[in-house]
>>> print(open('input.cif').read())   # mmCIF, N, CA and C atoms
data_my_file
#
loop_
_atom_site.label_atom_id
_atom_site.label_comp_id
_atom_site.auth_asym_id
_atom_site.auth_seq_id
_atom_site.Cartn_x
_atom_site.Cartn_y
_atom_site.Cartn_z
N ASP A 1 0.81 -1.19 0.00
CA ASP A 1 0.00 0.00 0.00
C ASP A 1 0.86 1.26 0.00
N GLY A 2 2.18 1.10 0.08
CA GLY A 2 3.08 2.23 -0.03
C GLY A 2 3.41 2.90 1.29
N ASP A 3 2.70 2.56 2.38
CA ASP A 3 2.96 3.19 3.68
C ASP A 3 4.06 2.50 4.46
N ASP A 4 4.37 1.25 4.13
CA ASP A 4 5.41 0.52 4.85
C ASP A 4 6.78 1.02 4.43
N PRO A 5 7.67 1.23 5.42
CA PRO A 5 9.02 1.68 5.06
C PRO A 5 9.79 0.57 4.34
N ILE A 6 10.70 0.97 3.51
CA ILE A 6 11.55 0.01 2.82
C ILE A 6 12.61 -0.47 3.80
N VAL A 7 12.78 -1.78 3.86
CA VAL A 7 13.75 -2.37 4.77
C VAL A 7 14.85 -3.01 3.94
N VAL A 8 16.08 -2.63 4.23
CA VAL A 8 17.22 -3.23 3.55
C VAL A 8 17.96 -4.08 4.59
N VAL A 9 18.03 -5.38 4.30
CA VAL A 9 18.73 -6.30 5.19
C VAL A 9 19.86 -6.91 4.37
N PRO A 10 21.11 -6.53 4.64
CA PRO A 10 22.21 -6.86 3.74
C PRO A 10 22.85 -8.24 3.88
N ASP A 11 22.53 -8.99 4.91
CA ASP A 11 23.23 -10.24 5.16
C ASP A 11 22.26 -11.40 5.04
N SER A 12 22.67 -12.50 4.41
CA SER A 12 21.75 -13.61 4.16
C SER A 12 21.17 -14.18 5.45
N GLU A 13 21.97 -14.32 6.48
CA GLU A 13 21.45 -14.82 7.75
C GLU A 13 20.47 -13.82 8.35
N ALA A 14 20.80 -12.55 8.28
CA ALA A 14 19.91 -11.51 8.82
C ALA A 14 18.60 -11.46 8.05
N ILE A 15 18.66 -11.71 6.76
CA ILE A 15 17.44 -11.73 5.94
C ILE A 15 16.50 -12.82 6.43
N LEU A 16 17.04 -14.02 6.65
CA LEU A 16 16.21 -15.13 7.12
C LEU A 16 15.65 -14.85 8.51
N GLU A 17 16.47 -14.27 9.39
CA GLU A 17 15.99 -13.92 10.72
C GLU A 17 14.88 -12.87 10.63
N TRP A 18 15.06 -11.88 9.76
CA TRP A 18 14.05 -10.84 9.59
C TRP A 18 12.75 -11.45 9.09
N LEU A 19 12.83 -12.36 8.12
CA LEU A 19 11.63 -13.02 7.62
C LEU A 19 10.92 -13.78 8.73
N ASP A 20 11.68 -14.48 9.57
CA ASP A 20 11.07 -15.21 10.69
C ASP A 20 10.32 -14.26 11.63
N GLU A 21 10.89 -13.10 11.87
CA GLU A 21 10.29 -12.16 12.81
C GLU A 21 9.14 -11.35 12.20
N ASN A 22 9.12 -11.17 10.89
CA ASN A 22 8.20 -10.21 10.28
C ASN A 22 7.24 -10.78 9.24
N TYR A 23 7.33 -12.05 8.94
CA TYR A 23 6.55 -12.59 7.84
C TYR A 23 5.61 -13.67 8.36
N SER A 24 4.40 -13.59 7.95
CA SER A 24 3.44 -14.66 8.27
C SER A 24 2.55 -14.87 7.05
N ILE A 25 1.99 -16.04 6.95
CA ILE A 25 1.12 -16.37 5.83
C ILE A 25 -0.32 -16.37 6.33
N VAL A 26 -1.15 -15.58 5.70
CA VAL A 26 -2.55 -15.49 6.09
C VAL A 26 -3.19 -16.87 5.95
N GLY A 27 -3.89 -17.28 6.97
CA GLY A 27 -4.58 -18.56 6.93
C GLY A 27 -3.83 -19.69 7.60
N LEU A 28 -2.56 -19.48 7.91
CA LEU A 28 -1.79 -20.51 8.61
C LEU A 28 -1.73 -20.17 10.09
N SER A 29 -1.92 -21.20 10.92
CA SER A 29 -1.86 -20.95 12.36
C SER A 29 -0.41 -20.75 12.82
N GLU A 30 0.54 -21.40 12.16
CA GLU A 30 1.96 -21.22 12.47
C GLU A 30 2.68 -20.68 11.25
N SER A 31 3.52 -19.69 11.46
CA SER A 31 4.30 -19.16 10.34
C SER A 31 5.44 -20.10 10.02
N PRO A 32 5.83 -20.16 8.76
CA PRO A 32 6.97 -21.01 8.42
C PRO A 32 8.24 -20.45 9.05
N GLN A 33 9.16 -21.33 9.35
CA GLN A 33 10.45 -20.88 9.88
C GLN A 33 11.47 -20.90 8.75
N PHE A 34 11.97 -19.72 8.42
CA PHE A 34 12.98 -19.60 7.38
C PHE A 34 14.37 -19.89 7.94
N TYR A 35 14.52 -19.68 9.23
CA TYR A 35 15.82 -19.84 9.89
C TYR A 35 15.59 -20.56 11.21
N PRO A 36 15.22 -21.84 11.14
CA PRO A 36 14.82 -22.55 12.36
C PRO A 36 15.94 -22.68 13.39
N GLN A 37 15.54 -22.65 14.64
CA GLN A 37 16.47 -22.85 15.74
C GLN A 37 16.64 -24.36 15.97
N GLN A 38 17.58 -24.71 16.82
CA GLN A 38 17.89 -26.11 17.06
C GLN A 38 16.67 -26.87 17.56
N GLN A 39 16.44 -28.03 16.96
CA GLN A 39 15.34 -28.90 17.36
C GLN A 39 15.87 -30.31 17.52
N GLN A 40 15.72 -30.87 18.68
CA GLN A 40 16.16 -32.22 19.00
C GLN A 40 17.59 -32.44 18.52
N GLN A 41 17.80 -33.34 17.56
CA GLN A 41 19.17 -33.68 17.15
C GLN A 41 19.64 -32.88 15.94
N GLN A 42 18.80 -32.01 15.42
CA GLN A 42 19.19 -31.20 14.27
C GLN A 42 19.98 -29.98 14.74
N PRO A 43 21.07 -29.65 14.07
CA PRO A 43 21.84 -28.46 14.48
C PRO A 43 21.08 -27.18 14.17
N ASP A 44 21.38 -26.15 14.91
CA ASP A 44 20.83 -24.83 14.70
C ASP A 44 21.31 -24.32 13.33
N CYS A 45 20.40 -23.77 12.53
CA CYS A 45 20.77 -23.25 11.20
C CYS A 45 21.86 -22.19 11.29
N ARG A 46 21.80 -21.37 12.33
CA ARG A 46 22.82 -20.32 12.50
C ARG A 46 24.21 -20.93 12.63
N GLN A 47 24.30 -22.00 13.42
CA GLN A 47 25.58 -22.66 13.64
C GLN A 47 26.11 -23.24 12.33
N VAL A 48 25.26 -23.91 11.57
CA VAL A 48 25.67 -24.50 10.30
C VAL A 48 26.09 -23.40 9.32
N SER A 49 25.29 -22.34 9.26
CA SER A 49 25.59 -21.25 8.33
C SER A 49 26.91 -20.57 8.68
N GLN A 50 27.15 -20.33 9.96
CA GLN A 50 28.41 -19.69 10.36
C GLN A 50 29.61 -20.57 10.06
N ARG A 51 29.46 -21.87 10.29
CA ARG A 51 30.56 -22.79 9.98
C ARG A 51 30.86 -22.77 8.48
N ALA A 52 29.82 -22.72 7.68
CA ALA A 52 30.01 -22.71 6.22
C ALA A 52 30.55 -21.37 5.74
N SER A 53 30.14 -20.29 6.38
CA SER A 53 30.53 -18.96 5.92
C SER A 53 31.85 -18.47 6.47
N ASN A 54 32.14 -18.77 7.73
CA ASN A 54 33.26 -18.12 8.41
C ASN A 54 34.24 -19.06 9.05
N GLU A 55 33.95 -20.33 9.07
CA GLU A 55 34.79 -21.22 9.85
C GLU A 55 35.39 -22.32 8.98
N THR A 56 35.34 -23.53 9.46
CA THR A 56 36.09 -24.64 8.87
C THR A 56 35.81 -24.84 7.39
N LEU A 57 34.55 -24.91 6.99
CA LEU A 57 34.27 -25.18 5.58
C LEU A 57 34.78 -24.06 4.68
N ALA A 58 34.56 -22.83 5.09
CA ALA A 58 35.09 -21.70 4.31
C ALA A 58 36.60 -21.76 4.23
N GLY A 59 37.25 -22.07 5.35
CA GLY A 59 38.70 -22.19 5.37
C GLY A 59 39.20 -23.29 4.45
N LEU A 60 38.48 -24.40 4.40
CA LEU A 60 38.89 -25.49 3.52
C LEU A 60 38.66 -25.14 2.05
N VAL A 61 37.64 -24.37 1.76
CA VAL A 61 37.45 -23.89 0.38
C VAL A 61 38.62 -22.99 0.00
N TRP A 62 38.99 -22.09 0.91
CA TRP A 62 40.15 -21.23 0.64
C TRP A 62 41.42 -22.06 0.48
N TYR A 63 41.56 -23.08 1.31
CA TYR A 63 42.72 -23.96 1.23
C TYR A 63 42.81 -24.60 -0.17
N TYR A 64 41.72 -25.21 -0.61
CA TYR A 64 41.77 -25.90 -1.90
C TYR A 64 41.82 -24.95 -3.09
N ASN A 65 41.29 -23.74 -2.97
CA ASN A 65 41.35 -22.79 -4.07
C ASN A 65 42.66 -22.01 -4.14
N TRP A 66 43.28 -21.73 -2.98
CA TRP A 66 44.43 -20.83 -2.97
C TRP A 66 45.71 -21.41 -2.42
N VAL A 67 45.64 -22.34 -1.46
CA VAL A 67 46.84 -22.82 -0.78
C VAL A 67 47.37 -24.09 -1.42
N ASN A 68 46.55 -25.09 -1.55
CA ASN A 68 46.94 -26.37 -2.13
C ASN A 68 47.32 -26.16 -3.60
N ASP A 69 48.54 -26.56 -3.97
CA ASP A 69 49.03 -26.27 -5.33
C ASP A 69 48.17 -26.90 -6.43
N ARG A 70 47.79 -28.13 -6.25
CA ARG A 70 46.96 -28.79 -7.27
C ARG A 70 45.58 -28.15 -7.36
N GLY A 71 44.99 -27.85 -6.20
CA GLY A 71 43.69 -27.18 -6.18
C GLY A 71 43.77 -25.80 -6.81
N PHE A 72 44.82 -25.06 -6.49
CA PHE A 72 45.02 -23.73 -7.06
C PHE A 72 45.14 -23.81 -8.59
N ALA A 73 45.92 -24.76 -9.08
CA ALA A 73 46.11 -24.91 -10.52
C ALA A 73 44.80 -25.26 -11.23
N ASN A 74 43.97 -26.07 -10.58
CA ASN A 74 42.73 -26.51 -11.20
C ASN A 74 41.55 -25.56 -11.01
N SER A 75 41.68 -24.62 -10.10
CA SER A 75 40.55 -23.72 -9.86
C SER A 75 40.91 -22.28 -10.20
N MET A 76 41.60 -21.61 -9.31
CA MET A 76 41.84 -20.18 -9.46
C MET A 76 42.73 -19.86 -10.66
N LEU A 77 43.79 -20.61 -10.83
CA LEU A 77 44.70 -20.32 -11.94
C LEU A 77 43.99 -20.45 -13.29
N LYS A 78 43.23 -21.53 -13.44
CA LYS A 78 42.48 -21.73 -14.70
C LYS A 78 41.41 -20.66 -14.88
N SER A 79 40.71 -20.33 -13.80
CA SER A 79 39.66 -19.31 -13.89
C SER A 79 40.24 -17.95 -14.24
N ILE A 80 41.31 -17.59 -13.59
CA ILE A 80 41.92 -16.29 -13.86
C ILE A 80 42.45 -16.22 -15.29
N ARG A 81 43.06 -17.30 -15.73
CA ARG A 81 43.55 -17.35 -17.11
C ARG A 81 42.39 -17.18 -18.09
N LYS A 82 41.31 -17.88 -17.84
CA LYS A 82 40.17 -17.86 -18.75
C LYS A 82 39.42 -16.52 -18.72
N LEU A 83 39.24 -15.96 -17.53
CA LEU A 83 38.41 -14.76 -17.39
C LEU A 83 39.17 -13.45 -17.52
N SER A 84 40.46 -13.47 -17.23
CA SER A 84 41.21 -12.21 -17.19
C SER A 84 42.07 -11.93 -18.41
N LEU A 85 42.37 -12.97 -19.15
CA LEU A 85 43.25 -12.76 -20.31
C LEU A 85 42.48 -12.96 -21.61
N PRO A 86 42.72 -12.09 -22.58
CA PRO A 86 42.12 -12.33 -23.89
C PRO A 86 42.57 -13.69 -24.41
N SER A 87 41.70 -14.39 -25.09
CA SER A 87 42.01 -15.76 -25.52
C SER A 87 43.29 -15.86 -26.33
N ALA A 88 43.60 -14.84 -27.11
CA ALA A 88 44.82 -14.87 -27.91
C ALA A 88 46.08 -14.81 -27.03
N LEU A 89 45.97 -14.20 -25.86
CA LEU A 89 47.12 -14.06 -24.97
C LEU A 89 47.22 -15.18 -23.94
N ALA A 90 46.11 -15.85 -23.67
CA ALA A 90 46.06 -16.84 -22.59
C ALA A 90 47.16 -17.89 -22.72
N CYS A 91 47.40 -18.36 -23.93
CA CYS A 91 48.42 -19.39 -24.12
C CYS A 91 49.84 -18.82 -24.09
N LEU A 92 49.99 -17.51 -24.17
CA LEU A 92 51.31 -16.90 -24.19
C LEU A 92 51.85 -16.55 -22.79
N VAL A 93 50.96 -16.50 -21.80
CA VAL A 93 51.37 -16.15 -20.44
C VAL A 93 51.60 -17.44 -19.67
N PRO A 94 52.85 -17.73 -19.31
CA PRO A 94 53.12 -18.97 -18.58
C PRO A 94 52.55 -18.95 -17.16
N ASP A 95 52.29 -20.13 -16.63
CA ASP A 95 51.73 -20.26 -15.28
C ASP A 95 52.58 -19.56 -14.23
N PHE A 96 53.91 -19.65 -14.36
CA PHE A 96 54.76 -19.05 -13.33
C PHE A 96 54.56 -17.54 -13.25
N VAL A 97 54.20 -16.88 -14.34
CA VAL A 97 53.95 -15.44 -14.33
C VAL A 97 52.67 -15.15 -13.53
N LEU A 98 51.64 -15.93 -13.79
CA LEU A 98 50.39 -15.74 -13.04
C LEU A 98 50.58 -16.08 -11.57
N ARG A 99 51.31 -17.16 -11.30
CA ARG A 99 51.57 -17.53 -9.91
C ARG A 99 52.30 -16.41 -9.17
N ARG A 100 53.27 -15.82 -9.84
CA ARG A 100 54.04 -14.73 -9.24
C ARG A 100 53.14 -13.52 -8.98
N ALA A 101 52.26 -13.22 -9.93
CA ALA A 101 51.36 -12.08 -9.78
C ALA A 101 50.35 -12.30 -8.64
N LEU A 102 50.02 -13.56 -8.37
CA LEU A 102 49.02 -13.88 -7.35
C LEU A 102 49.63 -14.28 -6.00
N GLU A 103 50.93 -14.15 -5.88
CA GLU A 103 51.63 -14.60 -4.68
C GLU A 103 51.11 -13.94 -3.40
N SER A 104 50.90 -12.64 -3.41
CA SER A 104 50.43 -11.96 -2.19
C SER A 104 49.00 -12.37 -1.85
N THR A 105 48.18 -12.60 -2.86
CA THR A 105 46.81 -13.04 -2.63
C THR A 105 46.81 -14.44 -2.02
N ARG A 106 47.67 -15.30 -2.54
CA ARG A 106 47.76 -16.65 -1.99
C ARG A 106 48.25 -16.61 -0.54
N THR A 107 49.18 -15.75 -0.24
CA THR A 107 49.68 -15.61 1.13
C THR A 107 48.57 -15.15 2.06
N LYS A 108 47.78 -14.19 1.61
CA LYS A 108 46.65 -13.70 2.40
C LYS A 108 45.67 -14.84 2.70
N PHE A 109 45.30 -15.60 1.67
CA PHE A 109 44.34 -16.69 1.86
C PHE A 109 44.94 -17.84 2.67
N ARG A 110 46.24 -18.00 2.63
CA ARG A 110 46.89 -19.02 3.47
C ARG A 110 46.64 -18.71 4.94
N GLY A 111 46.83 -17.45 5.32
CA GLY A 111 46.58 -17.04 6.70
C GLY A 111 45.11 -17.13 7.06
N GLU A 112 44.24 -16.71 6.15
CA GLU A 112 42.79 -16.77 6.40
C GLU A 112 42.33 -18.22 6.54
N ALA A 113 42.84 -19.09 5.69
CA ALA A 113 42.45 -20.51 5.74
C ALA A 113 42.89 -21.12 7.06
N ALA A 114 44.13 -20.88 7.47
CA ALA A 114 44.63 -21.44 8.72
C ALA A 114 43.80 -20.95 9.90
N ARG A 115 43.48 -19.65 9.92
CA ARG A 115 42.67 -19.08 11.01
C ARG A 115 41.28 -19.72 11.04
N ALA A 116 40.63 -19.82 9.88
CA ALA A 116 39.27 -20.35 9.82
C ALA A 116 39.22 -21.84 10.18
N ILE A 117 40.23 -22.59 9.75
CA ILE A 117 40.26 -24.03 10.02
C ILE A 117 40.69 -24.30 11.46
N GLY A 118 41.49 -23.39 12.01
CA GLY A 118 41.98 -23.56 13.38
C GLY A 118 43.28 -24.35 13.45
N VAL A 119 44.13 -24.16 12.44
CA VAL A 119 45.43 -24.82 12.40
C VAL A 119 46.50 -23.76 12.17
N THR A 120 47.77 -24.17 12.29
CA THR A 120 48.86 -23.26 11.96
C THR A 120 49.09 -23.30 10.45
N GLU A 121 49.76 -22.30 9.95
CA GLU A 121 50.06 -22.29 8.51
C GLU A 121 50.94 -23.47 8.13
N ALA A 122 51.81 -23.90 9.04
CA ALA A 122 52.66 -25.06 8.77
C ALA A 122 51.82 -26.33 8.61
N GLN A 123 50.75 -26.44 9.39
CA GLN A 123 49.88 -27.62 9.29
C GLN A 123 49.13 -27.70 7.96
N LEU A 124 49.02 -26.58 7.27
CA LEU A 124 48.37 -26.59 5.95
C LEU A 124 49.15 -27.42 4.93
N GLU A 125 50.41 -27.69 5.22
CA GLU A 125 51.23 -28.50 4.32
C GLU A 125 50.82 -29.97 4.30
N ASP A 126 50.11 -30.41 5.32
CA ASP A 126 49.69 -31.81 5.43
C ASP A 126 48.37 -32.00 4.69
N GLU A 127 48.48 -32.32 3.40
CA GLU A 127 47.29 -32.44 2.55
C GLU A 127 46.34 -33.53 3.03
N GLU A 128 46.88 -34.63 3.52
CA GLU A 128 46.02 -35.72 4.04
C GLU A 128 45.21 -35.25 5.24
N ALA A 129 45.83 -34.48 6.12
CA ALA A 129 45.11 -33.96 7.29
C ALA A 129 44.00 -33.00 6.85
N MET A 130 44.28 -32.18 5.84
CA MET A 130 43.27 -31.25 5.35
C MET A 130 42.11 -32.02 4.71
N LYS A 131 42.44 -33.06 3.97
CA LYS A 131 41.40 -33.89 3.35
C LYS A 131 40.53 -34.54 4.42
N GLN A 132 41.16 -35.01 5.51
CA GLN A 132 40.42 -35.62 6.60
C GLN A 132 39.50 -34.60 7.28
N LEU A 133 40.00 -33.39 7.48
CA LEU A 133 39.17 -32.33 8.07
C LEU A 133 37.96 -32.03 7.19
N LEU A 134 38.16 -32.02 5.88
CA LEU A 134 37.05 -31.78 4.95
C LEU A 134 36.01 -32.88 5.04
N VAL A 135 36.46 -34.12 5.06
CA VAL A 135 35.52 -35.25 5.17
C VAL A 135 34.74 -35.15 6.47
N GLU A 136 35.43 -34.85 7.57
CA GLU A 136 34.75 -34.72 8.87
C GLU A 136 33.74 -33.58 8.85
N GLU A 137 34.11 -32.48 8.24
CA GLU A 137 33.22 -31.32 8.18
C GLU A 137 31.96 -31.62 7.37
N LEU A 138 32.10 -32.38 6.31
CA LEU A 138 30.96 -32.68 5.45
C LEU A 138 30.08 -33.80 5.97
N MET A 139 30.59 -34.56 6.93
CA MET A 139 29.79 -35.66 7.48
C MET A 139 28.94 -35.11 8.55
#
>>> encode(input="input.cif", output="structure tokens")
Amino acid sequence: DGDDPIVVVPDSEAILEWLDENYSIVGLSESPQFYPQQQQQQPDCRQVSQRASNETLAGLVWYYNWVNDRGFANSMLKSIRKLSLPSALACLVPDFVLRRALESTRTKFRGEAARAIGVTEAQLEDEEAMKQLLVEELM
């Protein structure tokens, strides 16, 4: 009707919380839960979302995209080559040039990954341990 103020909610978790607090469906006795709280053996959505966004899972994504050499070569390096270089030049720029240009970014993500996963940067060298952490996180 135009009288309601416009609400801007910038964060995905905050959006779901806002919907839970402010949205109801006419004719239903209970409103749907967009961001349900912990029920019996199910984890709280907030906890799962934070782990995926800011903690272990996010750190492992950073690890495989930026820290792990094979993961970096198959993800970020290929993407950057494909999206950032004109196709005629892509084959002329060797990988070592791109790796050198991205060195500071990789260093930044190395620290972020270690912090999010909860390990030291030295422990990131143990690929098997990182793989095990990923399996545990996804189970």
>>> atom_distance(input="input.cif", atom1="CA of Gln123 in chain A", atom2="CA of Met139 in chain A")
21.7 Å
>>> resolve_selection(input="input.cif", expression="the PyMOL selection byres ((chain A and resi 116) around 8)", output="list in words")
Asn54, Glu55, Thr56, Leu57, Ala58, Gly59, Leu60, Arg110, Gly111, Glu112, Ala113, Ala114, Arg115, Ile117, Gly118 and Val119 of chain A
>>> closest_residue(input="input.cif", among="A:Asp11, A:Arg106, A:Pro86, A:Leu124", to="Trp66 in chain A", atoms="only N, CA and C atoms")
A:Arg106
>>> atom_distance(input="input.cif", atom1="atom N of Asp95 in chain A", atom2="CA of Phe109 in chain A")
20.4 Å
>>> atom_distance(input="input.cif", atom1="atom N of Val93 in chain A", atom2="atom C of Arg81 in chain A")
9.4 Å
>>> closest_residue(input="input.cif", among="A:Trp18, A:Glu125, A:Ile6, A:Ala88", to="Asp69 in chain A", atoms="only C-alpha atoms")
A:Glu125
>>> select_by_dssp(input="input.cif", residues="range 47-124 of chain A", states="helix (DSSP H, G or I)", output="count of residues only")
65
